[in-house]
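Shown next: query-v5.txt, containing compact mmCIF, C-alpha atoms.
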# COMPACT_ATOMS: atom_id res chain seq x y z
CA PRO L 881 114.41 77.10 115.73
CA LYS L 882 113.75 79.45 118.59
CA SER L 883 113.17 83.05 117.58
CA SER L 884 113.17 86.15 119.69
CA ALA L 885 109.62 87.13 118.72
CA ALA L 886 107.00 87.58 121.39
CA GLY L 887 105.63 84.34 122.73
CA ALA L 888 108.54 82.31 121.39
CA HIS L 889 109.66 81.19 124.81
CA PHE L 890 106.52 79.27 125.52
CA ALA L 891 105.78 78.04 122.03
CA PRO L 892 106.70 74.61 120.69
CA ASP L 893 109.79 74.58 118.49
CA ASP L 894 107.81 74.31 115.27
CA ALA L 895 105.25 77.01 116.05
CA ARG L 896 105.40 80.16 114.02
CA THR L 897 105.70 83.22 116.17
CA HIS L 898 106.12 85.97 113.61
CA THR L 899 102.39 86.41 113.41
CA LYS L 900 101.96 87.09 117.09
CA GLU L 901 102.69 90.78 117.23
CA PRO L 902 102.21 93.82 115.00
CA ILE L 903 105.32 95.90 114.28
CA VAL L 904 104.31 99.20 112.68
CA THR L 905 101.00 100.18 114.18
CA GLY L 906 98.21 102.71 113.95
CA SER L 907 96.27 103.77 117.00
CA SER L 908 92.57 104.49 117.34
CA VAL L 909 89.84 105.10 114.79
CA ILE L 910 86.53 106.61 115.86
CA GLY L 911 83.32 106.94 113.93
CA ILE L 912 79.82 108.33 114.26
CA GLN L 913 76.66 108.45 112.15
CA TYR L 914 74.93 111.78 111.69
CA ASN L 915 71.86 113.03 109.89
CA GLY L 916 73.68 113.63 106.61
CA GLY L 917 75.92 110.58 106.46
CA VAL L 918 78.73 108.92 108.36
CA MET L 919 82.02 110.31 109.61
CA ILE L 920 85.17 108.61 110.85
CA ALA L 921 88.41 110.05 112.14
CA SER L 922 91.91 109.05 113.12
CA ASP L 923 95.32 110.53 113.57
CA THR L 924 97.99 110.19 110.92
CA LEU L 925 100.61 108.42 112.98
CA ALA L 926 102.18 105.00 112.45
CA SER L 927 104.26 103.97 115.46
CA TYR L 928 107.23 101.63 115.56
CA GLY L 929 106.87 100.46 119.12
CA ASN L 930 107.41 103.55 121.23
CA MET L 931 108.77 105.54 118.30
CA SER L 932 106.55 107.87 116.29
CA ARG L 933 107.88 106.53 112.99
CA PHE L 934 105.60 107.77 110.19
CA LYS L 935 104.01 111.02 111.18
CA GLU L 936 101.88 111.78 108.19
CA LEU L 937 100.32 108.57 107.07
CA SER L 938 96.70 108.09 106.18
CA ARG L 939 95.01 105.34 108.19
CA LEU L 940 91.76 106.11 106.38
CA TYR L 941 91.24 104.60 102.93
CA ARG L 942 88.66 105.72 100.40
CA VAL L 943 87.21 102.55 98.88
CA SER L 944 84.68 104.31 96.66
CA SER L 945 82.52 107.40 96.57
CA ARG L 946 80.25 105.71 99.13
CA CYS L 947 82.65 103.92 101.43
CA VAL L 948 85.72 104.57 103.55
CA VAL L 949 87.73 102.19 105.73
CA GLY L 950 89.87 103.12 108.72
CA MET L 951 92.41 100.93 110.47
CA THR L 952 94.00 100.29 113.78
CA GLY L 953 96.92 97.86 114.01
CA GLU L 954 99.58 96.57 111.66
CA LEU L 955 100.26 98.93 108.78
CA SER L 956 101.55 96.37 106.28
CA ASP L 957 98.41 94.26 106.72
CA PHE L 958 96.30 97.33 106.10
CA GLN L 959 98.24 98.06 102.93
CA TYR L 960 97.50 94.53 101.76
CA ILE L 961 93.83 95.01 102.63
CA THR L 962 93.66 98.23 100.62
CA GLU L 963 95.01 96.31 97.63
CA LEU L 964 92.26 93.70 98.06
CA LEU L 965 89.61 96.41 98.31
CA ASP L 966 91.03 98.18 95.28
CA SER L 967 90.73 95.04 93.18
CA LEU L 968 87.12 94.63 94.41
CA VAL L 969 86.28 98.11 93.18
CA ARG L 970 88.11 97.55 89.93
CA ARG L 971 86.02 94.43 89.33
CA ASP L 972 82.87 96.52 89.76
CA PHE L 973 84.22 99.10 87.32
CA ASN L 974 85.00 96.41 84.74
CA LEU L 975 81.53 94.92 84.91
CA ASP L 976 80.06 98.34 84.22
CA ASP L 977 76.52 97.34 85.17
CA GLY L 978 75.59 100.45 87.10
CA HIS L 979 76.20 98.86 90.49
CA SER L 980 79.05 99.41 92.89
CA ILE L 981 79.86 97.69 96.14
CA ASP L 982 78.04 98.80 99.29
CA PRO L 983 79.90 99.49 102.58
CA SER L 984 77.91 96.72 104.26
CA GLU L 985 79.21 94.37 101.56
CA VAL L 986 82.77 95.59 102.08
CA HIS L 987 82.26 94.95 105.79
CA GLN L 988 81.13 91.38 105.18
CA TYR L 989 83.96 90.79 102.72
CA LEU L 990 86.56 91.98 105.23
CA THR L 991 84.95 89.82 107.92
CA ARG L 992 85.36 86.75 105.72
CA VAL L 993 88.94 87.59 104.84
CA LEU L 994 89.96 88.26 108.44
CA TYR L 995 88.14 85.27 109.85
CA ASN L 996 89.73 82.90 107.37
CA ARG L 997 93.18 84.31 108.02
CA ARG L 998 92.57 83.82 111.74
CA ASN L 999 91.64 80.20 111.17
CA ASP L 1000 95.00 79.70 109.48
CA PHE L 1001 96.76 81.17 112.51
CA ASN L 1002 98.07 83.94 110.30
CA PRO L 1003 95.90 86.94 111.08
CA LEU L 1004 95.85 90.33 109.47
CA TRP L 1005 96.48 92.27 112.65
CA ASN L 1006 93.95 95.02 112.22
CA TYR L 1007 90.81 96.46 113.67
CA LEU L 1008 88.97 97.95 110.72
CA VAL L 1009 86.19 100.50 110.69
CA VAL L 1010 83.96 100.45 107.61
CA ALA L 1011 81.78 103.50 107.06
CA GLY L 1012 79.52 104.71 104.31
CA MET L 1013 76.18 104.92 102.57
CA ASN L 1014 74.47 101.85 101.16
CA SER L 1015 72.73 102.03 97.80
CA ASP L 1016 69.33 101.81 99.52
CA GLY L 1017 70.06 105.09 101.29
CA SER L 1018 70.83 103.60 104.69
CA GLN L 1019 73.91 104.60 106.63
CA PHE L 1020 76.46 102.00 107.58
CA LEU L 1021 79.14 102.06 110.26
CA GLY L 1022 80.79 98.81 111.30
CA VAL L 1023 83.87 97.22 112.81
CA VAL L 1024 85.79 94.05 111.96
CA ASP L 1025 88.64 92.82 114.07
CA LEU L 1026 91.65 90.58 113.59
CA VAL L 1027 89.74 87.43 114.54
CA GLY L 1028 86.77 88.26 112.37
CA THR L 1029 84.38 89.58 114.99
CA ASN L 1030 82.10 92.04 113.28
CA PHE L 1031 79.27 94.33 114.24
CA SER L 1032 77.75 97.62 113.19
CA ASP L 1033 76.48 100.48 115.29
CA THR L 1034 75.70 104.19 115.18
CA LEU L 1035 79.01 104.98 116.87
CA VAL L 1036 82.25 102.98 116.93
CA ALA L 1037 85.80 103.14 118.15
CA THR L 1038 88.85 100.90 117.97
CA GLY L 1039 92.03 100.66 119.99
CA PHE L 1040 92.31 103.12 122.83
CA GLY L 1041 89.27 104.87 121.45
CA VAL L 1042 87.17 102.11 122.96
CA HIS L 1043 88.28 103.01 126.46
CA LEU L 1044 88.68 106.75 126.17
CA THR L 1045 86.13 107.99 123.65
CA LEU L 1046 83.15 105.65 123.39
CA ALA L 1047 81.63 107.30 126.44
CA LEU L 1048 82.04 110.74 124.88
CA LEU L 1049 80.55 109.57 121.60
CA ARG L 1050 77.61 108.02 123.42
CA LYS L 1051 77.03 111.19 125.39
CA ALA L 1052 76.92 113.25 122.21
CA MET L 1053 74.62 110.75 120.54
CA ASP L 1054 72.28 110.69 123.56
CA GLU L 1055 72.04 114.48 123.46
CA ALA L 1056 71.18 114.32 119.78
CA GLY L 1057 68.74 111.51 120.42
CA SER L 1058 69.60 109.52 117.32
CA PRO L 1059 71.80 109.87 114.25
CA ALA L 1060 68.94 111.82 112.69
CA GLY L 1061 69.35 114.45 115.38
CA MET L 1062 73.11 114.74 115.00
CA THR L 1063 74.26 117.46 112.64
CA ARG L 1064 77.43 117.37 110.57
CA GLU L 1065 79.01 120.16 112.63
CA LYS L 1066 78.17 118.44 115.90
CA ALA L 1067 79.54 115.15 114.60
CA ARG L 1068 82.76 116.83 113.56
CA GLU L 1069 83.08 118.66 116.89
CA THR L 1070 82.50 115.42 118.78
CA LEU L 1071 85.12 113.55 116.76
CA GLU L 1072 87.64 116.36 117.21
CA ALA L 1073 87.01 116.43 120.95
CA CYS L 1074 87.58 112.68 121.07
CA LEU L 1075 90.77 112.98 119.03
CA ARG L 1076 91.98 115.58 121.51
CA VAL L 1077 91.31 113.25 124.43
CA LEU L 1078 93.17 110.50 122.61
CA PHE L 1079 96.16 112.76 122.06
CA TYR L 1080 96.17 113.66 125.76
CA ARG L 1081 95.94 110.13 127.04
CA ASP L 1082 97.14 107.67 124.40
CA CYS L 1083 100.91 107.77 124.22
CA ARG L 1084 100.88 106.32 120.70
CA ALA L 1085 98.57 108.98 119.31
CA SER L 1086 99.44 112.24 117.63
CA ASN L 1087 97.74 115.56 117.16
CA ARG L 1088 97.86 115.48 113.35
CA VAL L 1089 94.44 114.17 112.35
CA GLN L 1090 92.17 113.36 109.48
CA ILE L 1091 88.43 113.12 109.19
CA ALA L 1092 86.62 111.15 106.48
CA ASP L 1093 83.08 112.07 105.63
CA VAL L 1094 80.66 110.00 103.54
CA PRO L 1095 77.62 112.19 102.92
CA LEU L 1096 74.13 110.98 101.99
CA ASP L 1097 74.42 112.36 98.49
CA GLY L 1098 77.80 113.17 97.12
CA GLU L 1099 81.29 111.88 97.21
CA SER L 1100 83.19 110.60 100.19
CA THR L 1101 86.07 112.82 101.16
CA ILE L 1102 89.08 112.39 103.39
CA SER L 1103 90.40 115.66 104.71
CA GLU L 1104 94.00 116.70 104.47
CA PRO L 1105 95.87 116.11 107.73
CA TYR L 1106 95.57 119.00 110.14
CA TYR L 1107 96.35 119.84 113.72
CA SER J 328 70.95 82.07 59.34
CA ARG J 329 73.51 79.40 58.68
CA ASP J 330 72.05 76.42 56.86
CA PRO J 331 74.74 73.78 57.39
CA PRO J 332 74.74 72.02 54.03
CA PHE J 333 74.65 75.31 52.15
CA PHE J 334 77.43 76.75 54.26
CA PHE J 335 79.67 73.73 53.79
CA LEU J 336 79.24 73.79 50.03
CA PHE J 337 79.79 77.51 49.90
CA PHE J 338 82.87 77.16 52.02
CA LEU J 339 84.26 74.30 50.03
CA SER J 340 83.73 76.15 46.80
CA LEU J 341 85.35 79.20 48.36
CA CYS J 342 88.36 77.08 49.18
CA LEU J 343 88.45 75.75 45.65
CA THR J 344 88.15 79.14 44.05
CA LEU J 345 90.42 81.11 46.38
CA PHE J 346 93.02 78.53 47.26
CA SER J 347 95.16 76.93 44.62
CA THR J 348 95.05 73.58 46.39
CA MET J 349 92.38 71.86 48.42
CA SER J 350 92.76 71.79 52.16
CA ALA J 351 91.49 68.22 52.29
CA GLY J 352 93.18 66.31 55.04
CA TYR J 353 95.38 69.17 56.21
CA ASP J 354 92.62 71.05 57.94
CA LEU J 355 91.47 68.45 60.39
CA SER J 356 93.59 69.54 63.31
CA VAL J 357 95.38 72.61 64.45
CA THR J 358 98.59 70.61 64.82
CA THR J 359 98.84 69.86 61.11
CA TYR J 360 100.60 71.96 58.52
CA SER J 361 99.59 71.94 54.88
CA PRO J 362 102.29 71.46 52.22
CA GLU J 363 102.32 75.24 51.74
CA GLY J 364 103.02 75.74 55.42
CA ARG J 365 99.53 76.91 56.38
CA VAL J 366 97.63 75.95 59.49
CA PHE J 367 94.08 75.76 58.20
CA GLN J 368 92.33 75.55 61.54
CA VAL J 369 93.77 78.91 62.49
CA GLU J 370 92.60 80.33 59.17
CA TYR J 371 89.14 78.88 59.77
CA ALA J 372 89.09 80.63 63.12
CA GLY J 373 89.61 83.78 61.12
CA LYS J 374 86.51 82.91 59.12
CA ALA J 375 84.46 82.97 62.30
CA ILE J 376 85.54 86.56 62.72
CA ASP J 377 84.89 87.44 59.10
CA ASN J 378 81.30 86.36 59.59
CA SER J 379 80.66 88.50 62.65
CA GLY J 380 79.95 92.19 63.09
CA THR J 381 82.50 94.79 62.02
CA VAL J 382 84.74 96.21 64.71
CA VAL J 383 86.62 99.45 64.08
CA GLY J 384 89.33 101.10 66.14
CA LEU J 385 90.89 104.52 65.64
CA ARG J 386 93.88 105.97 67.44
CA CYS J 387 93.20 109.69 67.49
CA LYS J 388 95.06 112.76 68.57
CA ASP J 389 93.71 112.62 72.12
CA GLY J 390 92.81 108.99 72.64
CA VAL J 391 91.54 105.77 71.11
CA VAL J 392 87.96 105.01 70.05
CA LEU J 393 86.52 101.55 69.47
CA GLY J 394 83.24 100.82 67.71
CA VAL J 395 81.36 97.56 67.23
CA GLU J 396 78.52 96.68 64.92
CA LYS J 397 75.97 94.94 67.11
CA PHE J 398 73.25 92.96 65.40
CA VAL J 399 69.80 93.14 66.89
CA ILE J 400 68.97 89.44 66.67
CA SER J 401 65.57 89.73 68.29
CA LYS J 402 63.35 92.48 69.63
CA MET J 403 62.81 90.38 72.73
CA ILE J 404 66.42 90.78 73.81
CA VAL J 405 66.94 93.36 76.55
CA GLU J 406 68.93 96.40 75.50
CA GLY J 407 72.45 96.20 76.80
CA SER J 408 72.76 92.46 76.38
CA ASN J 409 75.38 90.99 74.14
CA ARG J 410 78.06 93.42 75.28
CA ARG J 411 80.90 93.67 72.77
CA VAL J 412 83.07 96.41 74.28
CA PHE J 413 84.56 95.61 77.66
CA ASN J 414 86.51 97.31 80.43
CA VAL J 415 89.69 95.47 81.26
CA ASP J 416 91.02 97.93 83.79
CA ARG J 417 90.54 101.62 84.22
CA HIS J 418 93.00 102.36 81.43
CA VAL J 419 92.17 99.61 78.91
CA GLY J 420 89.16 98.98 76.72
CA LEU J 421 88.63 95.85 74.65
CA ALA J 422 86.34 95.37 71.67
CA ALA J 423 85.83 91.85 70.34
CA ALA J 424 84.94 90.52 66.93
CA GLY J 425 83.94 86.91 66.35
CA LEU J 426 82.43 84.35 68.69
CA ALA J 427 81.12 86.20 71.73
CA PRO J 428 81.70 83.41 74.28
CA ASP J 429 85.31 83.07 73.12
CA ALA J 430 85.66 86.81 73.49
CA ARG J 431 84.44 86.61 77.09
CA GLN J 432 87.27 84.19 77.87
CA VAL J 433 89.81 86.54 76.35
CA VAL J 434 88.38 89.44 78.37
CA ALA J 435 88.59 87.38 81.56
CA ARG J 436 92.22 86.58 80.81
CA ALA J 437 92.99 90.22 80.03
CA ARG J 438 91.48 91.28 83.35
CA ALA J 439 93.47 88.64 85.17
CA GLU J 440 96.70 89.77 83.47
CA ALA J 441 96.05 93.39 84.37
CA SER J 442 95.25 92.47 87.97
CA ASN J 443 98.31 90.25 88.21
CA TYR J 444 100.59 92.98 86.85
CA ARG J 445 99.16 95.41 89.36
CA SER J 446 99.73 93.05 92.27
CA HIS J 447 103.38 92.66 91.25
CA PHE J 448 104.24 96.19 90.17
CA LYS J 449 101.50 98.36 91.68
CA ASP J 450 101.00 100.05 88.32
CA ASP J 451 98.74 100.00 85.29
CA ILE J 452 99.73 97.27 82.86
CA PRO J 453 101.34 98.96 79.84
CA GLY J 454 99.31 98.52 76.65
CA ARG J 455 101.97 96.66 74.78
CA VAL J 456 102.63 94.25 77.63
CA LEU J 457 98.95 93.36 77.84
CA ALA J 458 98.64 92.98 74.09
CA GLU J 459 101.64 90.68 73.99
CA ARG J 460 100.32 88.57 76.85
CA LEU J 461 96.95 88.21 75.15
CA ALA J 462 98.65 87.34 71.89
CA SER J 463 100.60 84.59 73.66
CA PHE J 464 97.39 83.39 75.28
CA LEU J 465 95.56 83.16 71.97
CA HIS J 466 98.61 81.54 70.43
CA VAL J 467 98.72 78.77 73.00
CA SER J 468 95.44 77.32 71.81
CA THR J 469 96.98 76.79 68.38
CA TRP J 470 99.59 74.40 69.77
CA TYR J 471 97.44 71.59 71.09
CA TRP J 472 95.35 69.04 69.30
CA ALA J 473 92.90 69.06 72.21
CA LEU J 474 92.24 72.80 72.03
CA ARG J 475 90.68 74.86 69.33
CA PRO J 476 91.88 78.35 68.45
CA PHE J 477 89.81 81.24 69.79
CA GLY J 478 87.21 82.33 67.27
CA CYS J 479 87.66 85.98 68.10
CA ALA J 480 89.95 88.90 67.43
CA VAL J 481 90.28 91.66 69.98
CA LEU J 482 91.05 95.33 69.62
CA LEU J 483 92.70 96.86 72.65
CA ALA J 484 92.51 100.56 73.41
CA THR J 485 95.11 101.32 76.03
CA HIS J 486 96.64 104.22 77.84
CA ASP J 487 99.74 104.28 79.97
CA VAL J 488 101.99 106.99 81.29
CA ARG J 489 105.05 106.02 79.30
CA LYS J 490 103.62 105.59 75.82
CA GLY J 491 100.35 107.46 75.97
CA HIS J 492 97.41 105.95 74.16
CA ALA J 493 97.71 103.02 71.76
CA LEU J 494 95.57 100.63 69.72
CA PHE J 495 96.38 96.94 69.24
CA LEU J 496 94.77 94.13 67.31
CA VAL J 497 95.26 90.55 68.49
CA GLU J 498 94.22 87.76 66.14
CA PRO J 499 93.45 84.06 66.77
CA SER J 500 96.80 83.04 65.31
CA GLY J 501 98.54 84.97 68.06
CA VAL J 502 99.62 87.78 65.78
CA MET J 503 99.62 91.17 67.49
CA ASN J 504 100.15 94.57 65.90
CA GLY J 505 99.90 98.16 66.98
CA TYR J 506 97.71 100.28 64.73
CA TYR J 507 96.73 103.86 64.06
CA GLY J 508 93.48 102.58 62.63
CA CYS J 509 92.20 99.07 62.06
CA ALA J 510 89.08 97.09 61.41
CA THR J 511 88.09 93.46 61.62
CA GLY J 512 84.94 91.43 61.09
CA LYS J 513 82.53 91.31 58.19
CA GLY J 514 83.10 94.73 56.66
CA LYS J 515 86.79 95.05 57.37
CA GLN J 516 87.88 95.63 53.79
CA GLY J 517 85.44 98.48 53.27
CA ALA J 518 86.17 99.85 56.72
CA LYS J 519 89.91 99.84 56.14
CA THR J 520 89.46 101.81 52.93
CA GLU J 521 87.36 104.36 54.79
CA ILE J 522 89.88 104.59 57.62
CA GLU J 523 92.70 105.36 55.23
CA LYS J 524 90.79 108.42 54.06
CA LEU J 525 90.81 109.88 57.56
CA ASN J 526 93.50 112.17 58.92
CA LEU J 527 94.03 110.39 62.22
CA SER J 528 96.71 112.69 63.55
CA GLU J 529 94.23 115.59 63.52
CA LEU J 530 91.09 113.69 64.50
CA THR J 531 89.76 114.09 68.03
CA CYS J 532 88.01 111.27 69.88
CA ARG J 533 84.71 113.10 69.76
CA GLU J 534 84.92 113.40 65.97
CA ALA J 535 86.11 109.79 65.72
CA VAL J 536 82.94 108.52 67.41
CA ASN J 537 80.93 110.00 64.55
CA GLU J 538 83.36 108.77 61.92
CA ILE J 539 83.30 105.22 63.24
CA ALA J 540 79.51 105.23 63.35
CA LYS J 541 79.46 106.38 59.73
CA ILE J 542 81.96 103.72 58.68
CA ILE J 543 80.01 100.95 60.37
CA TYR J 544 76.81 102.16 58.75
CA ARG J 545 78.42 102.31 55.33
CA VAL J 546 79.98 98.86 55.45
CA HIS J 547 76.93 97.21 56.95
CA ASP J 548 75.88 94.36 54.71
CA GLU J 549 77.81 95.71 51.76
File written out as structure tokens:
Amino acid sequence: PKSSAAGAHFAPDDARTHTKEPIVTGSSVIGIQYNGGVMIASDTLASYGNMSRFKELSRLYRVSSRCVVGMTGELSDFQYITELLDSLVRRDFNLDDGHSIDPSEVHQYLTRVLYNRRNDFNPLWNYLVVAGMNSDGSQFLGVVDLVGTNFSDTLVATGFGVHLTLALLRKAMDEAGSPAGMTREKARETLEACLRVLFYRDCRASNRVQIADVPLDGESTISEPYY
Amino acid sequence: SRDPPFFFLFFLSLCLTLFSTMSAGYDLSVTTYSPEGRVFQVEYAGKAIDNSGTVVGLRCKDGVVLGVEKFVISKMIVEGSNRRVFNVDRHVGLAAAGLAPDARQVVARARAEASNYRSHFKDDIPGRVLAERLASFLHVSTWYWALRPFGCAVLLATHDVRKGHALFLVEPSGVMNGYYGCATGKGKQGAKTEIEKLNLSELTCREAVNEIAKIIYRVHDE
């Protein structure tokens, strides 16, 4: 039966079309490595098309004391993903063997989940940023997208952030030389400047933002939303 | 160590002395009742527990404490092996008496139940619900000729928002009870006597840890 969903007009009668567009969406996530850890930031808006539907909603999820995940894209899929990640962490807790999951492992896990969903033509419509500190002391900052493409880098962005802020992040990183030369304050300033640019230019962004910080030693924190 | 012929004779004589009738013929499968209405295979599963280390649980003023008597079978075994107290979820602890591999299966099931409840209701599984599900699970293996009953009893220490903290004992027969204090395993009789001397409503968890250690020491190889 024909549906009114996007792409339905050109699809065969028996093709599913409900998986072809996200409904409630989050905009960009940006992230940068610095000398004391990794930091990611996003605004707290979930849009319903052109409407700013949920204005104080966290698109950053704290997986563990060493890992945070941020999302762009469909909110309901992200909520499902956070449930998956929660059960991963719970499994670690149950085993009680002194080990907990690394952000690079979370990244690989999400890659597998998203890639397999894509192969079933039923994607989780998200671009996810995974950030944190591995147990060997190395920093990790990576991206996974809705088809399962994954990579890691010293600075990342998703959504409009790719077009509007990657250049700014790269400029700041070049000035610092490397993540080792980037201080926490500079990282925070850079992310805030990028969030400001996003608010100016992305019509599905808001000025109420959050920053998540995973320091070298210590707990990951997600700030309260602020302007 | 269990010398088979000796054990069998001991067991048989135990049956003869303790039970008014012999279990001959009625104990061959879990799907057979005896004339007195007993299921001997389930009772034998209980024997497996009675021959393993004592497990004690106390429901205190501010929480629940579980303690297990772990035998050091060999000095070559790495410390931390042969785990007897398990995490089921963040709010549930499980201590097992009896056959350790059977206990691992029960723990796996408990974890699956807790995870399943969470995926349906986005909440911690209430203690009683988990205990009842585990009791049903243990009970199922007493229905089928092809299965044997679990040779382990589990003590559950649980906490949930509605009922606070609770202690449950689930036995191989599928019986489940909530307790203020209970013990199972080799020294359970002695342990139960000791538990009854304690004032559980005033005891804190910290004190209970010491008390349980003392009880286990006292009933060890009585």
Exercise. Mind checking which residues fall within 9 Å of Ala1092 of chain L, counting only C-alpha atoms, ignoring those fewer than 4 positions away in the same chain, and posting them as a list of chain:residue names?
Key: L:Val918, L:Met919, L:Ile920, L:Ala921, L:Ser922, L:Leu940, L:Tyr941, L:Arg942, L:Val948, L:Gly950, L:Ser1100, L:Thr1101, L:Ile1102, L:Ser1103
Those same residues - C-alpha atoms - I'd like them written as an mmCIF file, in the coordinates of the input.
data_model
loop_
_atom_site.group_PDB
_atom_site.id
_atom_site.type_symbol
_atom_site.label_atom_id
_atom_site.label_comp_id
_atom_site.auth_asym_id
_atom_site.auth_seq_id
_atom_site.Cartn_x
_atom_site.Cartn_y
_atom_site.Cartn_z
ATOM 1 C CA VAL L 918 78.730 108.920 108.360
ATOM 2 C CA MET L 919 82.020 110.310 109.610
ATOM 3 C CA ILE L 920 85.170 108.610 110.850
ATOM 4 C CA ALA L 921 88.410 110.050 112.140
ATOM 5 C CA SER L 922 91.910 109.050 113.120
ATOM 6 C CA LEU L 940 91.760 106.110 106.380
ATOM 7 C CA TYR L 941 91.240 104.600 102.930
ATOM 8 C CA ARG L 942 88.660 105.720 100.400
ATOM 9 C CA VAL L 948 85.720 104.570 103.550
ATOM 10 C CA GLY L 950 89.870 103.120 108.720
ATOM 11 C CA SER L 1100 83.190 110.600 100.190
ATOM 12 C CA THR L 1101 86.070 112.820 101.160
ATOM 13 C CA ILE L 1102 89.080 112.390 103.390
ATOM 14 C CA SER L 1103 90.400 115.660 104.710
#
Give me the chain L side of the contact with chain J, cut-off 12 Å, one line per residue showing its nearest atom pair and distance in Å at one decimal, counting all atoms listed in the file, sorted by chain and residue number, as a Markdown table.
| residue | atom | partner | partner_atom | distance |
| --- | --- | --- | --- | --- |
| L:Gln959 | CA | J:Lys449 | CA | 11.7 |
| L:Tyr960 | CA | J:Ser446 | CA | 9.9 |
| L:Thr962 | CA | J:Ser446 | CA | 11.5 |
| L:Glu963 | CA | J:Ser446 | CA | 7.9 |
| L:Leu964 | CA | J:Ser446 | CA | 9.5 |
| L:Asp966 | CA | J:Ser442 | CA | 10.2 |
| L:Ser967 | CA | J:Ser442 | CA | 7.4 |
| L:Leu968 | CA | J:Ser442 | CA | 10.6 |
| L:Val969 | CA | J:Asp416 | CA | 10.5 |
| L:Arg970 | CA | J:Asp416 | CA | 6.8 |
| L:Arg971 | CA | J:Asp416 | CA | 8.2 |
| L:Asp972 | CA | J:Asn414 | CA | 10.0 |
| L:Phe973 | CA | J:Arg417 | CA | 7.5 |
| L:Asn974 | CA | J:Asn414 | CA | 4.7 |
| L:Leu975 | CA | J:Asn414 | CA | 7.1 |
| L:Asp976 | CA | J:Asn414 | CA | 7.6 |
| L:Asp977 | CA | J:Gly407 | CA | 9.4 |
| L:Gly978 | CA | J:Gly407 | CA | 11.6 |
Quiz item: Rounded to one decimal in Å, what is the spacing between atom CA of Asp429 of chain J and atom CA of Val536 of chain J?
Solution: 26.2 Å
Self-check item: Among the residues L:Tyr1080, L:Tyr1007, L:Tyr1106, L:Tyr995, the one that comes closest to Leu937 of chain L [using only C-alpha atoms]
Solution: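 Going through L:Tyr1080, L:Tyr1007, L:Tyr1106, L:Tyr995 one by one, the smallest distance to Leu937 of chain L is for L:Tyr1106.
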Quiz item: Residues at most 12 Å from segment 519-522 of chain J, counting all atoms listed in the file, excluding those fewer than 6 positions away in the same chain, as a list in words?
Solution: Thr381, Val382, Val383, Gly384, Leu385, Arg386, Cys387, Tyr506, Tyr507, Gly508, Cys509, Ala510, Thr511, Gly512, Lys513, Leu530, Ala535, Glu538, Ile539, Ala540, Lys541, Ile542, Ile543, Tyr544, Arg545 and Val546 of chain J
Self-check item: atom CA of Pro1095 of chain L to atom CA of Ile910 of chain L, straight-line distance in Å
Solution: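 Interatomic distance, atom CA of Ile910 of chain L to atom CA of Pro1095 of chain L: 16.7 Å.
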Quiz item: Within 7 Å of segment 481-490 of chain J, counting all atoms listed in the file, which residues qualify if same-chain residues fewer than 4 places away don't, as JSON, numbers by chain?
Solution: {"J": [384, 391, 418, 419, 420, 421, 422, 423, 424, 451, 453, 454, 494, 495, 496, 497, 498]}
Exercise. Would you mind listing what lies within 9 Å of Ala430 of chain J as a PyMOL selection string, with only C-alpha atoms counted and same-chain residues fewer than 2 positions away left out?
Key: chain J and resi 411+422-428+432-435+477-481
Exercise. Would you mind telling me which residue in J:Val392, J:Asp377, J:Gly352, J:Gly364 lies nearest to Asn537 of chain J when using only C-alpha atoms?
Key: J:Val392
Quiz item: So, counting all atoms listed in the file, which residue among L:Ile981, L:Leu1008, L:Leu1044, L:Leu994 is closest to Gly1028 of chain L?
Solution: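 So, comparing all the options, the nearest one is L:Leu994.
Take atom CA of Cys1074 of chain L and atom CA of Phe1020 of chain L: the distance between them is 20.5 Å.
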Residue contacts of segment 1003-1005 of chain L (9 Å, only C-alpha atoms) excluding same-chain residues fewer than 5 positions away, as an mmCIF file with C-alpha atoms, in the frame of the given file:
data_model
loop_
_atom_site.group_PDB
_atom_site.id
_atom_site.type_symbol
_atom_site.label_atom_id
_atom_site.label_comp_id
_atom_site.auth_asym_id
_atom_site.auth_seq_id
_atom_site.Cartn_x
_atom_site.Cartn_y
_atom_site.Cartn_z
ATOM 1 C CA THR L 899 102.390 86.410 113.410
ATOM 2 C CA LYS L 900 101.960 87.090 117.090
ATOM 3 C CA GLU L 901 102.690 90.780 117.230
ATOM 4 C CA PRO L 902 102.210 93.820 115.000
ATOM 5 C CA THR L 952 94.000 100.290 113.780
ATOM 6 C CA GLY L 953 96.920 97.860 114.010
ATOM 7 C CA GLU L 954 99.580 96.570 111.660
ATOM 8 C CA LEU L 955 100.260 98.930 108.780
ATOM 9 C CA SER L 956 101.550 96.370 106.280
ATOM 10 C CA ASP L 957 98.410 94.260 106.720
ATOM 11 C CA PHE L 958 96.300 97.330 106.100
ATOM 12 C CA TYR L 960 97.500 94.530 101.760
ATOM 13 C CA ILE L 961 93.830 95.010 102.630
ATOM 14 C CA VAL L 993 88.940 87.590 104.840
ATOM 15 C CA LEU L 994 89.960 88.260 108.440
ATOM 16 C CA TYR L 995 88.140 85.270 109.850
ATOM 17 C CA ASN L 996 89.730 82.900 107.370
ATOM 18 C CA ARG L 997 93.180 84.310 108.020
ATOM 19 C CA ARG L 998 92.570 83.820 111.740
ATOM 20 C CA ASP L 1025 88.640 92.820 114.070
ATOM 21 C CA LEU L 1026 91.650 90.580 113.590
ATOM 22 C CA VAL L 1027 89.740 87.430 114.540
#
Segment 498-506 of chain J, all listed atoms, 8 Å padding on each side: what axis-aligned box centre and edge lengths in Å to one decimal come out, as AutoDock Vina command-line options?
--center_x 96.8 --center_y 91.7 --center_z 66.4 --size_x 22.7 --size_y 33.2 --size_z 19.3
